[in-house]
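To keep things clear, I will list the structure first and then write my remarks on it.
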Amino acid sequence: DDAVYVPMHVDTTTLLEAPHCPDAVATALTSLADNHRIGATHDGNRYYRYSAASLASQPPETDTPAMVARVERMLRQNRSWDLLTSRWPMWRFLDRLSATEVVNVSATAGGKPFWMYVFPHRVRSDGLISNRIRGTHSAYCLQLFQDEIEVD
């Protein structure tokens, strides 16, 4: 795994050209959910950027959970989880969807906590460091840098 990114046009082509193949459809939908997550906002709704209506009046953003739920139904109905043990990249997509990208990090003793963005994948040094930050909620940087971000 090298944290491969599958472009959305590949996912949509797969959905259009291989609707008869549950493995291909489930993988394409999971990849679309992963792509959708990439542009997500942490205030709960990305659509307000494109509308004159207020954020409170926008419908809740449920695209990613809806796609993942559909994939789960497909797996249960058609394959009984066999896809998860195949060479298709399903595990990688599901793993990335489950990985927190923003972590509330404890600063040094007595310092204020802060939010840190981390990689959603778990590969190579970037992924290993991101996993450490997610697991420990502590910064992985020199004390000098931590002191610089402290705000009183």
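Scheme for the structure tokens: letters A, B, ... for chains in order shown; per-chain residue numbers from 1; ligand numbers from 1 in order shown.
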
**Message:** Please list as a VMD selection string every residue within 10 Å of stretch 31-33 of chain A, counting only C-alpha atoms and excluding residues in the same chain fewer than 5 positions away.
**Reply:** chain A and resid 5 to 12 25 to 26 38 63 to 68 89 to 90 92 to 94 96 to 97

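Proximity of A:Val105, A:Trp115, A:Thr13, A:Ser98 to A:Tyr140, computed with only C-alpha atoms, is greatest for A:Val105.
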
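Our summary of the geometry notes that atom CA of A:Gly127 is positioned 11.8 Å from atom CA of A:Thr100.
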
### Query
If you count only C-alpha atoms, which residues fall within 9 Å of A:Glu101, apart from same-chain ones fewer than 5 positions away, as an NGL selection string?
:A and (116-120 or 130 or 134)

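Going from atom CA of A:Leu142 to atom CA of A:Ser106 covers 13.7 Å.
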
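Put simply, atom CA of A:Ala69 is 25.2 Å away from atom CA of A:Val103.
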
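Within stretch 86-138 of chain A, residues classed as strand (DSSP E) by DSSP on backbone coordinates are Val102, Val103, Asn104, Val105, Phe114, Trp115, Met116 and Tyr117 of chain A.
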
Write out, as a short mmCIF file (atom, residue, chain, number, x, y, z; two decimals), in the first residue's frame, the residues just selected, with C-alpha atoms.
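Listing of selection27.cif after writing:
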data_model
loop_
_atom_site.label_atom_id
_atom_site.label_comp_id
_atom_site.auth_asym_id
_atom_site.auth_seq_id
_atom_site.Cartn_x
_atom_site.Cartn_y
_atom_site.Cartn_z
CA VAL A 102 -7.74 16.09 12.86
CA VAL A 103 -6.47 15.32 16.35
CA ASN A 104 -6.75 17.42 19.51
CA VAL A 105 -3.13 17.26 20.62
CA PHE A 114 -4.26 22.45 19.87
CA TRP A 115 -5.67 20.80 16.73
CA MET A 116 -3.27 19.05 14.38
CA TYR A 117 -4.01 17.74 10.89
#

Of A:Asp126, A:Leu15, A:Thr85, A:Trp91, the one sitting nearest A:Ala28 when using only C-alpha atoms is A:Leu15
